[in-house]
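Containing compact mmCIF, C-alpha atoms and all ligand atoms: structure-v7.txt.
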# COMPACT_ATOMS: atom_id res chain seq x y z
CA MET A 1 153.80 112.63 165.46
CA SER A 2 156.08 109.64 165.18
CA ILE A 3 156.95 107.83 161.97
CA ALA A 4 155.05 104.78 163.20
CA SER A 5 151.88 106.73 163.88
CA ASN A 6 152.08 108.63 160.59
CA LEU A 7 152.37 105.30 158.81
CA GLN A 8 149.51 103.82 160.75
CA SER A 9 147.13 106.64 159.96
CA ILE A 10 147.98 106.56 156.26
CA GLN A 11 147.66 102.76 156.11
CA ASN A 12 144.27 103.04 157.82
CA GLU A 13 142.88 105.28 155.13
CA LEU A 14 144.26 103.42 152.11
CA PRO A 15 141.84 101.08 150.34
CA GLU A 16 142.93 97.45 150.46
CA ASN A 17 143.98 97.30 146.82
CA VAL A 18 146.39 100.24 147.16
CA THR A 19 150.06 99.53 147.87
CA LEU A 20 152.03 102.02 149.92
CA VAL A 21 155.61 102.80 148.94
CA ALA A 22 157.29 104.63 151.82
CA VAL A 23 159.55 107.17 150.14
CA SER A 24 162.62 107.37 152.34
CA LYS A 25 165.04 109.35 150.17
CA THR A 26 167.46 111.55 152.15
CA LYS A 27 166.31 109.99 155.44
CA PRO A 28 168.70 108.11 157.72
CA VAL A 29 168.49 104.35 158.23
CA THR A 30 167.30 104.90 161.82
CA ASP A 31 164.16 106.55 160.42
CA LEU A 32 163.62 103.75 157.93
CA MET A 33 164.02 101.22 160.74
CA GLN A 34 161.22 102.90 162.66
CA ALA A 35 158.96 102.39 159.66
CA TYR A 36 160.24 98.83 159.27
CA GLU A 37 159.46 98.05 162.89
CA ALA A 38 155.98 99.44 162.36
CA GLY A 39 155.53 96.84 159.63
CA GLN A 40 156.50 98.70 156.45
CA ARG A 41 158.35 96.53 153.94
CA ILE A 42 158.31 98.60 150.73
CA PHE A 43 160.65 101.57 150.51
CA GLY A 44 161.19 103.98 147.65
CA GLU A 45 164.45 105.78 146.91
CA ASN A 46 165.42 108.07 144.06
CA LYS A 47 169.20 107.64 144.01
CA ILE A 48 170.77 104.31 143.21
CA GLN A 49 173.80 104.76 145.42
CA GLU A 50 171.76 105.80 148.44
CA MET A 51 169.36 102.91 147.92
CA THR A 52 172.24 100.45 147.64
CA GLU A 53 173.82 101.68 150.87
CA LYS A 54 170.53 101.35 152.72
CA TYR A 55 169.89 97.93 151.22
CA GLU A 56 173.22 96.74 152.57
CA GLN A 57 172.45 97.93 156.08
CA MET A 58 168.84 96.87 156.40
CA PRO A 59 166.86 93.63 156.76
CA LYS A 60 166.66 91.55 153.63
CA ASP A 61 162.89 91.15 153.49
CA ILE A 62 162.53 94.76 152.32
CA GLN A 63 161.37 95.45 148.79
CA TRP A 64 163.33 98.34 147.32
CA HIS A 65 161.65 100.50 144.69
CA MET A 66 163.64 102.88 142.52
CA ILE A 67 161.35 105.86 141.95
CA GLY A 68 163.84 108.36 140.53
CA HIS A 69 165.26 108.91 137.11
CA VAL A 70 167.64 106.10 136.25
CA GLN A 71 171.00 106.55 134.56
CA THR A 72 171.85 103.62 132.34
CA ASN A 73 175.37 103.25 133.67
CA LYS A 74 174.14 102.78 137.24
CA VAL A 75 171.59 100.03 136.66
CA LYS A 76 174.20 97.39 137.49
CA PHE A 77 174.47 98.52 141.10
CA MET A 78 170.83 97.87 141.90
CA ALA A 79 170.22 94.93 139.55
CA PRO A 80 170.97 92.28 142.21
CA PHE A 81 168.22 93.42 144.55
CA VAL A 82 165.83 96.08 143.22
CA SER A 83 162.22 94.99 143.38
CA LEU A 84 160.49 97.51 141.10
CA ILE A 85 161.84 100.33 138.93
CA HIS A 86 159.17 103.03 138.51
CA GLY A 87 160.87 105.51 136.22
CA VAL A 88 161.60 103.63 133.02
CA ASP A 89 161.23 105.90 130.02
CA SER A 90 163.14 104.39 127.11
CA LEU A 91 163.81 101.18 125.26
CA LYS A 92 167.51 101.76 125.77
CA LEU A 93 167.04 101.74 129.54
CA LEU A 94 164.87 98.62 129.37
CA GLN A 95 167.59 96.91 127.37
CA GLU A 96 170.19 97.75 129.99
CA ILE A 97 167.92 96.61 132.83
CA ASN A 98 167.33 93.39 130.91
CA LYS A 99 171.05 92.85 130.45
CA GLN A 100 171.86 93.42 134.11
CA ALA A 101 168.90 91.32 135.26
CA SER A 102 170.13 88.51 133.10
CA LYS A 103 173.62 88.74 134.60
CA ASN A 104 172.02 88.34 137.99
CA ASN A 105 169.84 85.48 136.84
CA ARG A 106 166.64 87.26 137.62
CA THR A 107 163.72 89.15 136.18
CA ILE A 108 163.30 92.81 137.11
CA ASP A 109 159.85 94.39 137.30
CA CYS A 110 159.47 97.83 135.72
CA LEU A 111 156.89 100.56 135.36
CA LEU A 112 156.94 102.89 132.38
CA GLN A 113 156.97 106.53 133.35
CA ILE A 114 154.52 108.69 131.46
CA HIS A 115 154.91 112.43 131.14
CA ILE A 116 151.61 113.86 132.40
CA ALA A 117 152.69 117.16 133.95
CA GLU A 118 152.90 120.54 132.33
CA GLU A 119 156.50 121.00 133.46
CA ASP A 120 159.15 119.95 130.96
CA THR A 121 161.44 119.06 133.84
CA LYS A 122 159.59 115.86 134.57
CA PHE A 123 160.64 112.78 132.68
CA GLY A 124 158.52 110.30 130.86
CA LEU A 125 157.09 108.98 127.63
CA ASP A 126 154.20 110.55 125.80
CA ASP A 127 151.26 108.66 124.39
CA ALA A 128 152.87 108.04 120.99
CA GLU A 129 156.21 106.95 122.46
CA LEU A 130 154.44 104.52 124.77
CA GLN A 131 152.54 103.09 121.85
CA ASP A 132 155.74 102.67 119.82
CA LEU A 133 157.60 101.07 122.69
CA LEU A 134 154.87 98.56 123.45
CA HIS A 135 154.65 97.56 119.80
CA SER A 136 158.36 97.34 119.13
CA ASP A 137 159.91 94.01 118.24
CA GLU A 138 162.90 94.93 120.36
CA LEU A 139 160.74 94.86 123.48
CA LYS A 140 159.62 91.30 122.83
CA LYS A 141 163.23 90.11 122.96
CA LEU A 142 163.72 91.23 126.54
CA GLN A 143 163.21 88.11 128.60
CA ASN A 144 164.54 89.34 131.93
CA ILE A 145 162.19 92.25 132.43
CA GLN A 146 158.49 92.44 133.21
CA ILE A 147 156.53 95.61 132.53
CA LYS A 148 154.01 95.75 135.36
CA GLY A 149 152.33 99.07 134.70
CA LEU A 150 152.62 102.82 134.45
CA MET A 151 153.85 105.63 136.68
CA GLY A 152 153.36 109.37 136.53
CA MET A 153 153.83 112.60 138.45
CA ALA A 154 151.30 115.39 138.24
CA THR A 155 152.18 119.05 137.88
CA PHE A 156 153.28 120.73 141.11
CA THR A 157 150.27 122.97 141.60
CA GLU A 158 147.46 123.78 144.01
CA ASN A 159 145.00 123.41 141.16
CA LYS A 160 143.12 120.21 141.93
CA LEU A 161 141.28 120.19 138.63
CA GLN A 162 144.55 120.25 136.77
CA ILE A 163 145.96 117.37 138.82
CA GLU A 164 142.76 115.41 138.41
CA LYS A 165 142.91 115.89 134.67
CA GLU A 166 146.48 114.59 134.56
CA PHE A 167 145.73 111.57 136.73
CA GLY A 168 142.62 110.88 134.69
CA TYR A 169 144.69 110.91 131.53
CA LEU A 170 147.21 108.46 132.98
CA LYS A 171 144.40 106.16 134.11
CA LYS A 172 142.97 106.20 130.62
CA LEU A 173 146.32 105.15 129.14
CA PHE A 174 146.63 102.45 131.78
CA ASP A 175 143.19 101.10 130.94
CA ARG A 176 144.06 101.09 127.28
CA TYR A 177 147.20 99.04 127.77
CA LYS A 178 146.45 96.93 130.82
CA ASN A 179 145.21 94.10 128.64
CA THR A 180 148.34 94.11 126.49
CA ASP A 181 149.29 90.50 126.21
CA LEU A 182 153.01 90.19 125.68
CA GLU A 183 155.20 87.62 127.38
CA ASN A 184 156.98 90.37 129.30
CA CYS A 185 154.28 92.98 129.65
CA LYS A 186 151.20 92.47 131.75
CA MET A 187 150.12 95.66 133.42
CA ASN A 188 148.39 95.63 136.78
CA THR A 189 150.08 98.51 138.60
CA LEU A 190 149.30 102.20 138.33
CA SER A 191 151.77 104.21 140.42
CA MET A 192 150.47 107.71 140.99
CA GLY A 193 150.04 109.92 144.02
CA MET A 194 152.42 111.45 146.57
CA SER A 195 151.89 113.11 149.98
CA GLY A 196 150.04 116.09 148.56
CA ASP A 197 147.79 114.33 146.10
CA TYR A 198 147.44 110.65 146.92
CA GLN A 199 143.76 110.79 147.91
CA LEU A 200 142.97 112.38 144.58
CA ALA A 201 145.18 109.84 142.79
CA ILE A 202 143.33 106.96 144.43
CA SER A 203 139.98 108.41 143.46
CA CYS A 204 141.33 108.53 139.90
CA GLY A 205 142.27 104.84 139.98
CA SER A 206 145.79 104.63 141.40
CA ASN A 207 146.71 101.37 143.11
CA MET A 208 150.22 102.33 144.22
CA VAL A 209 151.06 105.53 146.09
CA ARG A 210 154.53 106.89 146.82
CA ILE A 211 154.46 108.80 150.08
CA GLY A 212 157.47 110.44 151.70
CA SER A 213 157.04 113.62 153.71
CA SER A 214 153.70 112.63 155.27
CA ILE A 215 155.47 109.64 156.82
CA PHE A 216 159.02 110.81 157.49
CA GLY A 217 158.54 114.58 157.69
CA GLY A 218 159.82 117.21 155.31
CA ARG A 219 163.15 117.01 153.54
CA VAL A 220 165.69 119.82 153.61
C1 LIG B 301 160.06 112.32 146.51
C2 LIG B 301 159.11 111.58 145.64
C3 LIG B 301 157.87 111.15 146.13
C4 LIG B 301 157.37 111.44 147.52
O1 LIG B 301 157.11 112.80 147.71
P1 LIG B 301 156.37 113.36 149.02
O2 LIG B 301 155.76 114.61 148.56
O3 LIG B 301 157.43 113.53 150.04
O4 LIG B 301 155.37 112.33 149.43
C5 LIG B 301 157.07 110.42 145.27
N1 LIG B 301 157.45 110.12 144.01
C6 LIG B 301 158.63 110.51 143.52
C7 LIG B 301 158.99 110.13 142.13
C8 LIG B 301 159.51 111.25 144.31
O5 LIG B 301 160.68 111.65 143.80
Would you put the structure from the file into structure tokens?
Amino acid sequence: MSIASNLQSIQNELPENVTLVAVSKTKPVTDLMQAYEAGQRIFGENKIQEMTEKYEQMPKDIQWHMIGHVQTNKVKFMAPFVSLIHGVDSLKLLQEINKQASKNNRTIDCLLQIHIAEEDTKFGLDDAELQDLLHSDELKKLQNIQIKGLMGMATFTENKLQIEKEFGYLKKLFDRYKNTDLENCKMNTLSMGMSGDYQLAISCGSNMVRIGSSIFGGRV
């Protein structure tokens, strides 16, 4: 199967309201260009340096999503061009994104990452931390960011019920906060679902899926 046909068959089965992020981490630009030529314009990367290198080489109508964990000291490299940062999990990081966005005279869209998996290794805020962040006065001062929604990664398991429970929990949080009415926080995006679980994620209410290996093949 070619990249173009993989993309096509995934696009065909996605409901209209679901946005596909093609996760291209570790893949060469030639692979990304195949997806681009097949019409894909949203790419997800998990390393800032790799994303920046690809950005420089590729057409400028691409929207670049940072889906990995973000180190504060590297925000400046992607601030000129990043379209959406999925993995934001602290006020400190939001403040840095705001600062760098401001330097570039732009607003940067962010998703807050929520810890929904059993594994400790996955990053993200818990319910109480999310609540605190959204109610903090510090957040209101950040004029160069927009919080667009939530993101989460389920536990790596074959147990569908477990995954469903985690996605259901994230959807519940999203529903609770989607009507939050702050100047810089209006949530409409729920980023959940990867190659192995995106159908389930969509049935649980996801409207943005991040799919890598089902499009580009496995990673070594
Ligand atoms: C790698 C990655 C994906 C895509 O994973 P696949 O299983 O290849 O679809 C999605 N989200 C995040 C955060 C990732 O790091």
Seminar exercise, completed: re atom CA of A:Pro80 and atom C3 of ligand LIG 301 (chain B): distance 23.3 Å
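With distances taken over all atoms listed in the file, A:Ile114 is the one residue among A:Leu139, A:Met187, A:Leu93, A:Ile114 lying closest to ligand LIG 301 (chain B).
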Enumerate as a PDB file with C-alpha atoms, in the frame of the given file the residues within 9 Å of ligand LIG 301 (chain B), counting all atoms listed in the file.
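Listing of pocket-v9.pdb after writing:
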ATOM      1  CA  VAL A  21     155.610 102.800 148.940  1.00  0.00           C
ATOM      2  CA  ALA A  22     157.290 104.630 151.820  1.00  0.00           C
ATOM      3  CA  VAL A  23     159.550 107.170 150.140  1.00  0.00           C
ATOM      4  CA  SER A  24     162.620 107.370 152.340  1.00  0.00           C
ATOM      5  CA  LYS A  25     165.040 109.350 150.170  1.00  0.00           C
ATOM      6  CA  GLY A  44     161.190 103.980 147.650  1.00  0.00           C
ATOM      7  CA  GLU A  45     164.450 105.780 146.910  1.00  0.00           C
ATOM      8  CA  ASN A  46     165.420 108.070 144.060  1.00  0.00           C
ATOM      9  CA  MET A  66     163.640 102.880 142.520  1.00  0.00           C
ATOM     10  CA  ILE A  67     161.350 105.860 141.950  1.00  0.00           C
ATOM     11  CA  GLY A  68     163.840 108.360 140.530  1.00  0.00           C
ATOM     12  CA  HIS A  69     165.260 108.910 137.110  1.00  0.00           C
ATOM     13  CA  HIS A  86     159.170 103.030 138.510  1.00  0.00           C
ATOM     14  CA  GLY A  87     160.870 105.510 136.220  1.00  0.00           C
ATOM     15  CA  MET A 151     153.850 105.630 136.680  1.00  0.00           C
ATOM     16  CA  GLY A 152     153.360 109.370 136.530  1.00  0.00           C
ATOM     17  CA  MET A 153     153.830 112.600 138.450  1.00  0.00           C
ATOM     18  CA  SER A 191     151.770 104.210 140.420  1.00  0.00           C
ATOM     19  CA  MET A 192     150.470 107.710 140.990  1.00  0.00           C
ATOM     20  CA  GLY A 193     150.040 109.920 144.020  1.00  0.00           C
ATOM     21  CA  MET A 194     152.420 111.450 146.570  1.00  0.00           C
ATOM     22  CA  SER A 195     151.890 113.110 149.980  1.00  0.00           C
ATOM     23  CA  GLY A 196     150.040 116.090 148.560  1.00  0.00           C
ATOM     24  CA  ASP A 197     147.790 114.330 146.100  1.00  0.00           C
ATOM     25  CA  TYR A 198     147.440 110.650 146.920  1.00  0.00           C
ATOM     26  CA  VAL A 209     151.060 105.530 146.090  1.00  0.00           C
ATOM     27  CA  ARG A 210     154.530 106.890 146.820  1.00  0.00           C
ATOM     28  CA  ILE A 211     154.460 108.800 150.080  1.00  0.00           C
ATOM     29  CA  GLY A 212     157.470 110.440 151.700  1.00  0.00           C
ATOM     30  CA  SER A 213     157.040 113.620 153.710  1.00  0.00           C
ATOM     31  CA  SER A 214     153.700 112.630 155.270  1.00  0.00           C
ATOM     32  CA  ILE A 215     155.470 109.640 156.820  1.00  0.00           C
ATOM     33  CA  PHE A 216     159.020 110.810 157.490  1.00  0.00           C
ATOM     34  CA  GLY A 217     158.540 114.580 157.690  1.00  0.00           C
ATOM     35  CA  GLY A 218     159.820 117.210 155.310  1.00  0.00           C
ATOM     36  CA  ARG A 219     163.150 117.010 153.540  1.00  0.00           C
TER      37      ARG A 219
END
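Computed from the coordinates, the atom CA of A:His65 to atom CA of A:Ile85 distance equals 5.8 Å.
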Sort by chain and increasing residue number a table of all residues of stretch 123-160 of chain A within 12 Å of stretch 94-103 of chain A, each with its closest pair of atoms and their distance in Å to one decimal, counting all atoms listed in the file, and write it as a tab-separated table.
residue	atom	partner	partner_atom	distance
A:Leu133	CA	A:Leu94	CA	10.2
A:Leu134	CA	A:Leu94	CA	11.6
A:Glu138	CA	A:Gln95	CA	8.7
A:Leu139	CA	A:Leu94	CA	8.1
A:Lys140	CA	A:Gln95	CA	10.8
A:Lys141	CA	A:Gln95	CA	9.2
A:Leu142	CA	A:Asn98	CA	6.1
A:Gln143	CA	A:Asn98	CA	7.1
A:Asn144	CA	A:Asn98	CA	5.0
A:Ile145	CA	A:Asn98	CA	5.5
A:Gln146	CA	A:Asn98	CA	9.2
A:Ile147	CA	A:Leu94	CA	9.4
